[in-house]
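Reproduced below: final.pdb, with PDB, C-alpha atoms.
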```
ATOM      1  CA  MET A  25     137.192 129.592 144.455  1.00  0.00           C
ATOM      2  CA  LEU A  26     137.431 133.276 145.404  1.00  0.00           C
ATOM      3  CA  GLU A  27     136.225 132.701 148.956  1.00  0.00           C
ATOM      4  CA  PRO A  28     139.750 132.162 150.408  1.00  0.00           C
ATOM      5  CA  LEU A  29     140.923 135.389 148.775  1.00  0.00           C
ATOM      6  CA  PHE A  30     137.994 137.388 150.173  1.00  0.00           C
ATOM      7  CA  SER A  31     138.544 135.822 153.591  1.00  0.00           C
ATOM      8  CA  PHE A  32     142.215 136.802 153.496  1.00  0.00           C
ATOM      9  CA  LEU A  33     141.405 140.366 152.417  1.00  0.00           C
ATOM     10  CA  ALA A  34     138.799 140.764 155.169  1.00  0.00           C
ATOM     11  CA  SER A  35     141.196 139.548 157.847  1.00  0.00           C
ATOM     12  CA  PHE A  36     144.001 141.734 156.459  1.00  0.00           C
ATOM     13  CA  LEU A  37     141.717 144.768 156.595  1.00  0.00           C
ATOM     14  CA  ALA A  38     140.640 143.939 160.124  1.00  0.00           C
ATOM     15  CA  GLU A  39     144.164 143.406 161.410  1.00  0.00           C
ATOM     16  CA  TYR A  40     145.859 146.323 159.645  1.00  0.00           C
ATOM     17  CA  GLY A  41     142.867 148.575 159.026  1.00  0.00           C
ATOM     18  CA  TYR A  42     144.201 151.770 160.551  1.00  0.00           C
ATOM     19  CA  LEU A  43     147.647 151.368 159.001  1.00  0.00           C
ATOM     20  CA  ASN A  44     146.146 150.612 155.579  1.00  0.00           C
ATOM     21  CA  LEU A  45     143.890 153.651 155.856  1.00  0.00           C
ATOM     22  CA  PHE A  46     146.822 155.868 156.799  1.00  0.00           C
ATOM     23  CA  VAL A  47     148.882 154.679 153.810  1.00  0.00           C
ATOM     24  CA  PHE A  48     145.966 154.959 151.363  1.00  0.00           C
ATOM     25  CA  SER A  49     145.102 158.436 152.684  1.00  0.00           C
ATOM     26  CA  PHE A  50     148.703 159.584 152.440  1.00  0.00           C
ATOM     27  CA  LEU A  51     149.043 158.357 148.856  1.00  0.00           C
ATOM     28  CA  ALA A  52     145.665 159.839 147.905  1.00  0.00           C
ATOM     29  CA  SER A  53     146.880 163.350 148.679  1.00  0.00           C
ATOM     30  CA  THR A  54     150.076 163.135 146.699  1.00  0.00           C
ATOM     31  CA  ILE A  55     150.209 163.294 142.944  1.00  0.00           C
ATOM     32  CA  LEU A  56     149.488 159.547 142.733  1.00  0.00           C
ATOM     33  CA  PRO A  57     145.960 158.713 141.554  1.00  0.00           C
ATOM     34  CA  PHE A  58     144.793 156.951 144.694  1.00  0.00           C
ATOM     35  CA  GLY A  59     141.627 157.059 146.761  1.00  0.00           C
ATOM     36  CA  SER A  60     141.003 156.373 150.421  1.00  0.00           C
ATOM     37  CA  GLU A  61     137.254 156.853 150.775  1.00  0.00           C
ATOM     38  CA  ALA A  62     136.281 153.283 149.813  1.00  0.00           C
ATOM     39  CA  LEU A  63     138.613 151.857 152.445  1.00  0.00           C
ATOM     40  CA  LEU A  64     137.211 154.227 155.080  1.00  0.00           C
ATOM     41  CA  VAL A  65     133.686 153.053 154.237  1.00  0.00           C
ATOM     42  CA  ALA A  66     134.736 149.384 154.319  1.00  0.00           C
ATOM     43  CA  LEU A  67     136.351 149.826 157.734  1.00  0.00           C
ATOM     44  CA  LEU A  68     133.277 151.602 159.066  1.00  0.00           C
ATOM     45  CA  TYR A  69     131.146 148.652 157.951  1.00  0.00           C
ATOM     46  CA  GLN A  70     133.578 146.320 159.736  1.00  0.00           C
ATOM     47  CA  GLY A  71     132.909 148.162 162.993  1.00  0.00           C
ATOM     48  CA  PHE A  72     136.066 150.251 163.353  1.00  0.00           C
ATOM     49  CA  ASN A  73     135.820 153.338 165.554  1.00  0.00           C
ATOM     50  CA  PRO A  74     134.467 156.165 163.334  1.00  0.00           C
ATOM     51  CA  PHE A  75     136.341 158.989 165.076  1.00  0.00           C
ATOM     52  CA  ALA A  76     139.630 157.062 165.026  1.00  0.00           C
ATOM     53  CA  LEU A  77     139.155 156.360 161.307  1.00  0.00           C
ATOM     54  CA  VAL A  78     138.448 160.027 160.597  1.00  0.00           C
ATOM     55  CA  MET A  79     141.566 161.106 162.472  1.00  0.00           C
ATOM     56  CA  VAL A  80     143.845 158.479 160.866  1.00  0.00           C
ATOM     57  CA  ALA A  81     142.582 159.344 157.383  1.00  0.00           C
ATOM     58  CA  THR A  82     142.864 163.085 158.057  1.00  0.00           C
ATOM     59  CA  VAL A  83     146.425 162.884 159.376  1.00  0.00           C
ATOM     60  CA  GLY A  84     147.551 160.610 156.526  1.00  0.00           C
ATOM     61  CA  ASN A  85     145.917 162.823 153.910  1.00  0.00           C
ATOM     62  CA  PHE A  86     147.309 165.990 155.514  1.00  0.00           C
ATOM     63  CA  LEU A  87     150.862 164.591 155.596  1.00  0.00           C
ATOM     64  CA  GLY A  88     150.581 163.604 151.931  1.00  0.00           C
ATOM     65  CA  SER A  89     149.567 167.180 151.145  1.00  0.00           C
ATOM     66  CA  CYS A  90     152.566 168.421 153.108  1.00  0.00           C
ATOM     67  CA  THR A  91     154.763 166.359 150.781  1.00  0.00           C
ATOM     68  CA  THR A  92     153.238 168.045 147.734  1.00  0.00           C
ATOM     69  CA  TYR A  93     153.547 171.452 149.438  1.00  0.00           C
ATOM     70  CA  TYR A  94     157.236 170.730 150.046  1.00  0.00           C
ATOM     71  CA  LEU A  95     157.788 169.884 146.385  1.00  0.00           C
ATOM     72  CA  GLY A  96     156.173 173.209 145.535  1.00  0.00           C
ATOM     73  CA  LEU A  97     158.583 174.969 147.885  1.00  0.00           C
ATOM     74  CA  LYS A  98     161.466 173.489 145.896  1.00  0.00           C
ATOM     75  CA  GLY A  99     160.369 175.516 142.874  1.00  0.00           C
ATOM     76  CA  ARG A 100     159.174 175.210 139.317  1.00  0.00           C
ATOM     77  CA  GLU A 101     162.166 173.184 138.150  1.00  0.00           C
ATOM     78  CA  THR A 102     161.464 170.462 140.713  1.00  0.00           C
ATOM     79  CA  LEU A 103     157.783 170.363 139.788  1.00  0.00           C
ATOM     80  CA  GLU A 104     158.578 170.158 136.102  1.00  0.00           C
ATOM     81  CA  LYS A 105     161.242 167.494 136.623  1.00  0.00           C
ATOM     82  CA  TYR A 106     159.578 165.171 139.134  1.00  0.00           C
ATOM     83  CA  LEU A 107     155.888 165.785 138.563  1.00  0.00           C
ATOM     84  CA  SER A 108     155.911 166.598 134.848  1.00  0.00           C
ATOM     85  CA  ALA A 109     154.114 169.857 135.592  1.00  0.00           C
ATOM     86  CA  SER A 110     153.941 171.975 132.464  1.00  0.00           C
ATOM     87  CA  GLU A 111     154.438 175.719 132.512  1.00  0.00           C
ATOM     88  CA  LYS A 112     150.854 176.081 131.300  1.00  0.00           C
ATOM     89  CA  SER A 113     149.419 174.034 134.190  1.00  0.00           C
ATOM     90  CA  LEU A 114     151.569 175.897 136.713  1.00  0.00           C
ATOM     91  CA  LYS A 115     150.344 179.216 135.313  1.00  0.00           C
ATOM     92  CA  ARG A 116     146.693 178.068 135.550  1.00  0.00           C
ATOM     93  CA  GLY A 117     147.279 176.929 139.121  1.00  0.00           C
ATOM     94  CA  GLU A 118     148.826 180.248 140.035  1.00  0.00           C
ATOM     95  CA  GLU A 119     145.889 182.152 138.516  1.00  0.00           C
ATOM     96  CA  PHE A 120     143.403 179.936 140.408  1.00  0.00           C
ATOM     97  CA  PHE A 121     145.269 180.453 143.666  1.00  0.00           C
ATOM     98  CA  ASN A 122     145.477 184.220 143.133  1.00  0.00           C
ATOM     99  CA  LYS A 123     141.775 184.398 142.269  1.00  0.00           C
ATOM    100  CA  TYR A 124     140.465 182.443 145.265  1.00  0.00           C
ATOM    101  CA  GLY A 125     143.227 183.112 147.786  1.00  0.00           C
ATOM    102  CA  VAL A 126     144.388 180.967 150.669  1.00  0.00           C
ATOM    103  CA  TYR A 127     140.868 179.700 151.368  1.00  0.00           C
ATOM    104  CA  ALA A 128     141.188 177.590 148.227  1.00  0.00           C
ATOM    105  CA  LEU A 129     143.217 175.312 150.511  1.00  0.00           C
ATOM    106  CA  LEU A 130     139.945 174.211 152.121  1.00  0.00           C
ATOM    107  CA  LEU A 131     139.251 172.484 148.787  1.00  0.00           C
ATOM    108  CA  THR A 132     142.428 170.380 148.668  1.00  0.00           C
ATOM    109  CA  TRP A 133     140.325 167.262 149.234  1.00  0.00           C
ATOM    110  CA  LEU A 134     138.766 167.615 145.779  1.00  0.00           C
ATOM    111  CA  PRO A 135     140.030 165.136 143.193  1.00  0.00           C
ATOM    112  CA  GLY A 136     141.892 166.645 140.293  1.00  0.00           C
ATOM    113  CA  ILE A 137     142.554 170.101 141.709  1.00  0.00           C
ATOM    114  CA  GLY A 138     143.506 169.413 145.319  1.00  0.00           C
ATOM    115  CA  ASP A 139     147.083 168.371 144.580  1.00  0.00           C
ATOM    116  CA  GLY A 140     147.558 171.386 142.356  1.00  0.00           C
ATOM    117  CA  ILE A 141     146.347 173.726 145.085  1.00  0.00           C
ATOM    118  CA  THR A 142     148.799 172.319 147.639  1.00  0.00           C
ATOM    119  CA  MET A 143     151.587 172.466 145.072  1.00  0.00           C
ATOM    120  CA  MET A 144     150.829 176.118 144.352  1.00  0.00           C
ATOM    121  CA  ALA A 145     150.756 176.959 148.060  1.00  0.00           C
ATOM    122  CA  GLY A 146     154.322 175.701 148.312  1.00  0.00           C
ATOM    123  CA  LEU A 147     155.402 177.333 145.075  1.00  0.00           C
ATOM    124  CA  MET A 148     154.019 180.669 146.280  1.00  0.00           C
ATOM    125  CA  LYS A 149     155.817 180.228 149.637  1.00  0.00           C
ATOM    126  CA  LEU A 150     152.602 180.421 151.642  1.00  0.00           C
ATOM    127  CA  SER A 151     153.109 180.259 155.390  1.00  0.00           C
ATOM    128  CA  PHE A 152     153.159 176.623 156.526  1.00  0.00           C
ATOM    129  CA  ARG A 153     151.046 177.562 159.550  1.00  0.00           C
ATOM    130  CA  VAL A 154     148.263 178.973 157.353  1.00  0.00           C
ATOM    131  CA  PHE A 155     148.624 176.028 154.969  1.00  0.00           C
ATOM    132  CA  SER A 156     148.373 173.534 157.841  1.00  0.00           C
ATOM    133  CA  VAL A 157     145.282 174.996 159.468  1.00  0.00           C
ATOM    134  CA  LEU A 158     143.303 175.291 156.238  1.00  0.00           C
ATOM    135  CA  VAL A 159     144.348 171.984 154.680  1.00  0.00           C
ATOM    136  CA  PHE A 160     143.833 169.990 157.893  1.00  0.00           C
ATOM    137  CA  THR A 161     140.415 171.592 158.385  1.00  0.00           C
ATOM    138  CA  GLY A 162     139.301 170.807 154.833  1.00  0.00           C
ATOM    139  CA  LYS A 163     140.508 167.225 154.945  1.00  0.00           C
ATOM    140  CA  PHE A 164     139.003 166.597 158.379  1.00  0.00           C
ATOM    141  CA  GLY A 165     135.691 167.995 157.147  1.00  0.00           C
ATOM    142  CA  ARG A 166     135.616 165.648 154.179  1.00  0.00           C
ATOM    143  CA  TYR A 167     136.306 162.485 156.189  1.00  0.00           C
ATOM    144  CA  PHE A 168     133.991 163.569 159.011  1.00  0.00           C
ATOM    145  CA  VAL A 169     131.060 164.154 156.650  1.00  0.00           C
ATOM    146  CA  LEU A 170     131.678 160.837 154.884  1.00  0.00           C
ATOM    147  CA  ALA A 171     131.907 158.887 158.156  1.00  0.00           C
ATOM    148  CA  TYR A 172     128.865 160.637 159.606  1.00  0.00           C
ATOM    149  CA  PHE A 173     126.845 159.869 156.475  1.00  0.00           C
ATOM    150  CA  ILE A 174     127.830 156.177 156.501  1.00  0.00           C
ATOM    151  CA  GLU A 175     127.105 155.887 160.228  1.00  0.00           C
ATOM    152  CA  TYR A 176     123.738 157.545 159.686  1.00  0.00           C
ATOM    153  CA  LEU A 177     122.921 155.053 156.922  1.00  0.00           C
ATOM    154  CA  ASN A 178     123.998 152.177 159.172  1.00  0.00           C
ATOM    155  CA  HIS A 179     121.594 153.254 161.916  1.00  0.00           C
ATOM    156  CA  VAL A 180     118.684 154.124 159.644  1.00  0.00           C
ATOM    157  CA  GLY A 181     118.854 150.983 157.497  1.00  0.00           C
TER     158      GLY A 181
END
```
Do you think you could lay out the structure here as structure tokens?
Amino acid sequence: MLEPLFSFLASFLAEYGYLNLFVFSFLASTILPFGSEALLVALLYQGFNPFALVMVATVGNFLGSCTTYYLGLKGRETLEKYLSASEKSLKRGEEFFNKYGVYALLLTWLPGIGDGITMMAGLMKLSFRVFSVLVFTGKFGRYFVLAYFIEYLNHVG
């Protein structure tokens, strides 16, 4: 009974794999509670090019973070209005960012705190060049390690 559904999903993944990964990765790095790692793993198992997957996921995830950074640039009122960010959470984010500095941006791939870090970078008017280098590097590192690990398991097992 479920076989036609699984067949459809597999063919949809195969035909639109890179586009789906880009969209999932983009959404995963905005405030929306989304993940892209499972799709990356599924596409690796379907034989998609590992480096292409890493780059598509990285670019999508980076651009999603740029969206959150931009909202931060718009100021506290925008964050409170559109993202329901409380003054308390903004204050905690600012303290975290001040404590760990710009290199905290290498951790924007972490669930739960990553979106807050990118938001604070915008709110604190951090240079977009610095933001871009650190965020892209961190996100690339995450997807590269995941893809490498899955590829290693594929060849060992």
Query raised in the report: So what does the PyMOL selection byres ((chain A and resi 108-119) around 12) actually pick up in this one, as a ChimeraX atom specification?
Result: /A:55,95-96,99-107,120-126,128,136-149
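The gap separating atom CA of Leu129 of chain A from atom CA of Leu45 of chain A is 22.3 Å, in Å to one decimal.
The space between atom CA of Leu37 of chain A and atom CA of Leu64 of chain A spans 10.6 Å.
One finds atom CA of Phe86 of chain A at 9.5 Å from atom CA of Trp133 of chain A.
Counting all atoms listed in the file and comparing A:Phe72, A:Phe168, A:Gly88, A:Tyr93, the residue that lies closest to Phe58 of chain A is A:Gly88.
Residues in contact with Met79 of chain A at 9 Å, where only C-alpha atoms are counted and same-chain residues fewer than 4 positions away are skipped, are listed as Pro74, Phe75, Val83, Gly84, Phe164, Tyr167 and Phe168 of chain A.
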Kindly save the residues from that selection, with C-alpha atoms included, as a CSV table (one decimal), in the coordinates of the input.
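To be explicit, this is the file written out as part13.csv:
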```csv
chain,number,residue,atom,x,y,z
A,74,PRO,CA,134.5,156.2,163.3
A,75,PHE,CA,136.3,159.0,165.1
A,83,VAL,CA,146.4,162.9,159.4
A,84,GLY,CA,147.6,160.6,156.5
A,164,PHE,CA,139.0,166.6,158.4
A,167,TYR,CA,136.3,162.5,156.2
A,168,PHE,CA,134.0,163.6,159.0
```
Query - Evaluate the PyMOL selection byres ((chain A and resi 82) around 12) and report residues as a ChimeraX atom specification - result: /A:42,45-50,52-53,60-61,64,75-81,83-89,132-133,156,159-171
Report task. Counting all atoms listed in the file, write as a PyMOL selection string all protein and nucleic acid residues lying at most 8 Å from (134.4, 143.9, 158.3) in the file's frame. Result -> chain A and resi 34+37-38+66-71
Box time for segment 65-81 of chain A: axis-aligned, enclosing all its listed atoms, 6 Å extra on each side; report centre and edge lengths in Å to one decimal, as lines of an AutoDock Vina configuration file.
```
center_x = 137.5
center_y = 153.7
center_z = 159.9
size_x = 24.7
size_y = 26.8
size_z = 23.3
```
Since the input has fewer atoms than a full residue there, write segment 65-95 of chain A out with N, CA and C atoms, as a short mmCIF file (atom, residue, chain, number, x, y, z; two decimals), in the coordinates of the input.
```
data_model
loop_
_atom_site.label_atom_id
_atom_site.label_comp_id
_atom_site.auth_asym_id
_atom_site.auth_seq_id
_atom_site.Cartn_x
_atom_site.Cartn_y
_atom_site.Cartn_z
N VAL A 65 135.05 153.60 154.18
CA VAL A 65 133.69 153.05 154.24
C VAL A 65 133.72 151.57 154.62
N ALA A 66 134.63 150.81 154.01
CA ALA A 66 134.74 149.38 154.32
C ALA A 66 135.07 149.16 155.79
N LEU A 67 135.97 149.97 156.32
CA LEU A 67 136.35 149.83 157.73
C LEU A 67 135.21 150.24 158.66
N LEU A 68 134.45 151.23 158.27
CA LEU A 68 133.28 151.60 159.07
C LEU A 68 132.29 150.44 159.13
N TYR A 69 132.06 149.80 157.99
CA TYR A 69 131.15 148.65 157.95
C TYR A 69 131.67 147.46 158.75
N GLN A 70 133.00 147.40 158.94
CA GLN A 70 133.58 146.32 159.74
C GLN A 70 133.56 146.65 161.23
N GLY A 71 133.06 147.82 161.58
CA GLY A 71 132.91 148.16 162.99
C GLY A 71 134.07 148.92 163.62
N PHE A 72 134.97 149.45 162.81
CA PHE A 72 136.07 150.25 163.35
C PHE A 72 135.50 151.54 163.95
N ASN A 73 136.23 152.11 164.89
CA ASN A 73 135.82 153.34 165.55
C ASN A 73 135.77 154.49 164.54
N PRO A 74 134.59 155.10 164.35
CA PRO A 74 134.47 156.16 163.33
C PRO A 74 135.39 157.35 163.57
N PHE A 75 135.49 157.82 164.82
CA PHE A 75 136.34 158.99 165.08
C PHE A 75 137.81 158.65 164.84
N ALA A 76 138.24 157.47 165.25
CA ALA A 76 139.63 157.06 165.03
C ALA A 76 139.92 156.98 163.53
N LEU A 77 138.97 156.44 162.76
CA LEU A 77 139.16 156.36 161.31
C LEU A 77 139.27 157.75 160.69
N VAL A 78 138.41 158.66 161.12
CA VAL A 78 138.45 160.03 160.60
C VAL A 78 139.80 160.67 160.90
N MET A 79 140.29 160.48 162.10
CA MET A 79 141.57 161.11 162.47
C MET A 79 142.73 160.48 161.72
N VAL A 80 142.76 159.15 161.59
CA VAL A 80 143.84 158.48 160.87
C VAL A 80 143.85 158.92 159.41
N ALA A 81 142.68 158.93 158.78
CA ALA A 81 142.58 159.34 157.38
C ALA A 81 142.99 160.81 157.21
N THR A 82 142.54 161.66 158.14
CA THR A 82 142.86 163.08 158.06
C THR A 82 144.36 163.31 158.18
N VAL A 83 144.98 162.69 159.17
CA VAL A 83 146.43 162.88 159.38
C VAL A 83 147.21 162.35 158.18
N GLY A 84 146.86 161.16 157.70
CA GLY A 84 147.55 160.61 156.53
C GLY A 84 147.40 161.50 155.31
N ASN A 85 146.19 161.97 155.05
CA ASN A 85 145.92 162.82 153.91
C ASN A 85 146.63 164.17 154.05
N PHE A 86 146.63 164.72 155.26
CA PHE A 86 147.31 165.99 155.51
C PHE A 86 148.81 165.85 155.27
N LEU A 87 149.42 164.78 155.78
CA LEU A 87 150.86 164.59 155.60
C LEU A 87 151.22 164.39 154.12
N GLY A 88 150.36 163.72 153.38
CA GLY A 88 150.58 163.60 151.93
C GLY A 88 150.56 164.97 151.26
N SER A 89 149.63 165.82 151.69
CA SER A 89 149.57 167.18 151.15
C SER A 89 150.81 167.98 151.51
N CYS A 90 151.33 167.74 152.70
CA CYS A 90 152.57 168.42 153.11
C CYS A 90 153.72 168.05 152.18
N THR A 91 153.73 166.80 151.72
CA THR A 91 154.76 166.36 150.78
C THR A 91 154.66 167.14 149.47
N THR A 92 153.45 167.30 148.98
CA THR A 92 153.24 168.04 147.73
C THR A 92 153.57 169.52 147.94
N TYR A 93 153.20 170.07 149.09
CA TYR A 93 153.55 171.45 149.44
C TYR A 93 155.07 171.63 149.42
N TYR A 94 155.78 170.67 150.00
CA TYR A 94 157.24 170.73 150.05
C TYR A 94 157.84 170.73 148.64
N LEU A 95 157.30 169.89 147.77
CA LEU A 95 157.79 169.88 146.38
C LEU A 95 157.56 171.24 145.73
#
```
